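**Q** I'd like to ask you about the structure that follows.
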Amino acid sequence: MTYAGEKRFNMWTVLTLVLLALFLLFVIYPIGMLLIKSLFTDGKVDLSYFTKFFAKQYYWGTLVNSFKVTVVSTLVAALIGVPMAYLLRSVKIRGASLINILIVISYLSPPFIGAYSWIQLLGRNGFFTRLINGIFGVQLQGIYGFAGIVLVFSLQSFPLIYMYVSGAMKNLDNSLNEAAESLGCNQFQRVTKIIFPLVMPSLLAGSLLVFMRVFADFGTPMIIGEGYKTFPVMLYTQFMGEVGTNDGFAATMCLIVILIALFFFFIQKALGKRFTYSMTALKPMEPEDRRGWRRTVAHIVVYFVTLIAALPQLTVLVTSFIGTINGSLFTGEFTLDNYRNIFAKSNTSAITNSYLFGLVAIVIVVVCGILISYLCVRKKNPLTAALDVLTMFPYIIPGSVLGISFLYAFNGPPFLLGGTALIIIISLSIRRMPYTIRSSTAIIGQISPSIEEASISLGASQVRTFLRITIPMMLPGVFSGAIMSWITLISELSSSVILYTSRTMTLTVAIYSEVIRSNFGNAAAYSTLLTLTSIISLLLFFKFSGKKDVSV
């Protein structure tokens, strides 16, 4: 949107160039360093690292394992998420608001907390394992390996499918259902012929996001996988073990991950364009008060799935109040010792770092998100188009790859940021900014340009109009989006575990470290603190957004 007398090179152009420079520095430059380290040796093109990877099954087999885990987890998540969305949208369920909060919290919590919790429940010495072994006289060896990884990922990912499909059903015009019923279609036919095809675009979008997220996660398979290694675990162990001697091979593995992520990103974009449709819900789908066995079955299914999904959070909450011997063996006695440990002077740095880094990062995310969305919507030109494309790269790149690329790029001259709090804040900001940019772009697209034009015609400058008119109109939606970004931001592990030092450890890294050291008491207390923060933040989101649920 340009105005009469507006110069081509103005403040907005300068702002676009500054933001472009920042993304070139913190996104393109680190990826460029990965390319150089993986493809060049002594200034010459060298593909020996790729040959090494694909020549040994030890390496490429982990890629196959990752695809197996990801495909099965995505399918199971869809098989759980779609029926849950349909039941909660079509049947009046008692406590539906609380159920929705529990489902969303199970998604927002880091997956590795779920892995740790299920070890406490179904590990070799888990509560349910001992119970089953005692009752049936068997010797279960726990849920480690492929089955355990799939269980954790499926239960942690189905809420994303649920949110996407629930959002689609919210916009579905129920008159289509009524028309099908009047033509003789039964309930099953209406679901398969009307509802399911209409929610298919959202199901595909949610499934691809689950696929990309599960494929890139390393915390869960690292904790519960044991001998079943996935590609992110191999990448992490190779980098941590070889960074001093053979960082080119680790860079090559990062490049392979980026290419795979790009492939699935473009599939998502193509499917989104192919299956996109618009619908105005003149008569939205509303939950009905069912009677008889249908109502009973619906309540049983919803409550059971929600309970299973919430078990990890309930487990860490309960175990956080149980004493331990040497941190690993629970005594069965209730105590506050675990909380005394984490709030001791020597252990509070992880807590304060998480909140401090998170608050600084969310301010950066909100400010940059508003500016970038405004430039891309209101000041369209080749520069803003390039900026819009660049902002999507952090969405595609897995967190562990971003962390490794940051160390390659900023662990020496001319940009010495390694080991500082700044590099973690930047990584957190870059990782979560695409979500805020997209939500801000949607918000500003709903604001009529005529409002800004009226302000300028009355004598206000563009900057004054932007600050006094546009931003205040965007803030309610941006603030709601910022709360959701904050929840995911403080739960970030994959990049932080690569970049942290003893002085910059965060809550998620502290939890992961305690679990690896089998210090389960402290891990449970840290996890409870993180879960409570997420719950409070989610309640604030409901209050400020005026929504009763989270749907995409």
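Chain labels run A, B, ... following the order of the structure tokens; each chain numbers its residues from 1, and ligands are numbered from 1 in the order shown.
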I want to know what sits within 12 Å of Pro382 (chain A), based on only C-alpha atoms, with residues of the same chain fewer than 6 positions away left out; could you give that as a ChimeraX atom specification?

**A** /A:13,16-17,20,375-376,388-389

**Q** Export, as a short mmCIF file (atom, residue, chain, number, x, y, z; two decimals), in the first residue's frame, the selected residues with N, CA, C and O atoms.

**A**
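Wrote result_10.cif, looks like this:
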data_model
loop_
_atom_site.label_atom_id
_atom_site.label_comp_id
_atom_site.auth_asym_id
_atom_site.auth_seq_id
_atom_site.Cartn_x
_atom_site.Cartn_y
_atom_site.Cartn_z
N THR A 13 11.56 1.02 3.79
CA THR A 13 12.59 0.32 3.03
C THR A 13 13.80 0.01 3.90
O THR A 13 14.35 -1.10 3.87
N THR A 16 12.91 -2.77 6.24
CA THR A 16 12.93 -4.05 5.53
C THR A 16 14.35 -4.56 5.34
O THR A 16 14.63 -5.75 5.54
N LEU A 17 15.26 -3.66 4.97
CA LEU A 17 16.66 -4.05 4.77
C LEU A 17 17.30 -4.51 6.07
O LEU A 17 18.08 -5.48 6.08
N LEU A 20 15.91 -7.96 6.83
CA LEU A 20 16.51 -8.89 5.88
C LEU A 20 17.93 -9.24 6.31
O LEU A 20 18.34 -10.41 6.27
N LEU A 375 4.92 -5.17 6.99
CA LEU A 375 5.67 -4.91 5.76
C LEU A 375 5.22 -5.85 4.64
O LEU A 375 5.07 -5.43 3.49
N CYS A 376 5.00 -7.12 4.96
CA CYS A 376 4.64 -8.10 3.94
C CYS A 376 3.23 -7.92 3.42
O CYS A 376 2.92 -8.28 2.28
N ASP A 388 9.56 -12.38 3.47
CA ASP A 388 8.49 -13.32 3.79
C ASP A 388 8.97 -14.77 3.61
O ASP A 388 8.67 -15.64 4.42
N VAL A 389 9.73 -15.03 2.55
CA VAL A 389 10.25 -16.37 2.30
C VAL A 389 11.30 -16.75 3.35
O VAL A 389 11.29 -17.86 3.89
#

**Q** Name the residues in contact with Thr391 (chain A) at a cut-off of 9 Å, using only C-alpha atoms, excluding same-chain residues fewer than 6 positions from it; report them as a PyMOL selection string.

**A** chain A and resi 23+27+372+430+433-434+437

**Q** Report as a list in words: the residues of region 352-538 of chain A with a DSSP assignment of strand (DSSP E or B), based on the backbone of this structure.

**A**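 Checking each residue of region 352-538 of chain A, the strand (DSSP E or B) ones are Asn411, Gly412, Phe415 and Leu416 of chain A.
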
**Q** Would you mind telling me which residue in A:Gly145, A:Gly134, A:Pro287, A:Pro110 lies nearest to Leu489 (chain A) when using only C-alpha atoms?

**A**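 Comparing A:Gly145, A:Gly134, A:Pro287, A:Pro110 against Leu489 (chain A), the winner is A:Pro110.
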
**Q** Enumerate as an MDAnalysis selection string all residues of region 88-266 of chain A assigned to helix (DSSP H, G or I) by DSSP on the backbone, naming them with the chain letters and numbers the document uses.

**A** chainID A and resid 88:90 96:108 111:122 127:136 146:170 175:182 187:216 219:224 231:242 247:266

**Q** Tell me which protein, DNA and RNA residues are within 7 Å of region 81-94 of chain A, counting only C-alpha atoms, leaving out same-chain ones fewer than 2 positions away, and put them as a short mmCIF file (atom, residue, chain, number, x, y, z; two decimals) with C-alpha atoms, in the first residue's frame.

**A**
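Generated file (selection-v6.cif):
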data_model
loop_
_atom_site.label_atom_id
_atom_site.label_comp_id
_atom_site.auth_asym_id
_atom_site.auth_seq_id
_atom_site.Cartn_x
_atom_site.Cartn_y
_atom_site.Cartn_z
CA ALA A 77 -2.18 -39.78 16.18
CA ALA A 78 -4.72 -39.31 13.36
CA LEU A 79 -6.71 -42.37 14.45
CA ALA A 96 -15.55 -30.44 27.86
CA PHE A 158 -2.73 -36.42 18.51
CA PRO A 159 -3.80 -33.09 20.13
CA ILE A 161 -4.58 -33.36 14.78
CA TYR A 162 -7.45 -32.77 17.21
CA VAL A 165 -9.81 -31.11 12.72
CA SER A 166 -11.80 -29.45 15.51
CA GLU A 286 -23.08 -27.65 17.67
CA PRO A 287 -22.72 -30.46 20.23
CA GLU A 288 -25.95 -32.34 20.78
CA ASP A 289 -27.25 -33.87 24.00
CA ARG A 290 -27.31 -37.55 22.99
CA ALA A 298 -18.84 -41.09 23.80
CA HIS A 299 -18.11 -40.15 27.42
CA VAL A 302 -13.29 -39.15 25.56
#

**Q** What is the CA of Tyr164 (chain A)-CA of Lys269 (chain A) distance in Å, reported with one decimal?

**A**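 Distance between the two atoms: 15.8 Å.
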
**Q** What does the structure give for the distance between CA of Val318 (chain A) and CA of Ala524 (chain A), in Å to one decimal?

**A**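 Computing the Euclidean distance for CA of Val318 (chain A) and CA of Ala524 (chain A) yields 8.4 Å.
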
**Q** I want to know what sits within 8 Å of Ala216 (chain A), based on only C-alpha atoms, with residues of the same chain fewer than 2 positions away left out; could you give that as a count of residues only?

**A** 8

**Q** Calculate how many Å separate CA of Ser117 (chain A) from CA of Met222 (chain A), rounding to one decimal.

**A**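 Pair CA of Ser117 (chain A) / CA of Met222 (chain A) returns 14.1 Å.
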
**Q** With only C-alpha atoms as the counted atoms, please give the residues lying no more than 12 Å from Glu452 (chain A), apart from itself and same-chain residues fewer than 6 positions off, as a list of chain:residue names.

**A**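 Here the qualifying residues turn out to be A:Met1, A:Thr2, A:Tyr3, A:Arg378, A:Ile444, A:Leu458, A:Gly459, A:Ala460, A:Ser461, A:Gln462, A:Val463, A:Arg464, A:Thr465, A:Phe466, A:Leu467, A:Arg468, A:Ile469, A:Thr470, A:Ile471, A:Met473.
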
**Q** For Glu514 (chain A), which residue among A:Ser157, A:Ser537, A:Asn411, A:Asn347 is the nearest when counting only C-alpha atoms?

**A**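 Among the listed residues, A:Asn347 lies closest to Glu514 (chain A).
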
**Q** Give me the residues within 9 Å of region 322-326 of chain A as an NGL selection string, counting only C-alpha atoms and dropping any in the same chain fewer than 3 places off.

**A** :A and (318-319 or 329-338 or 519-521)
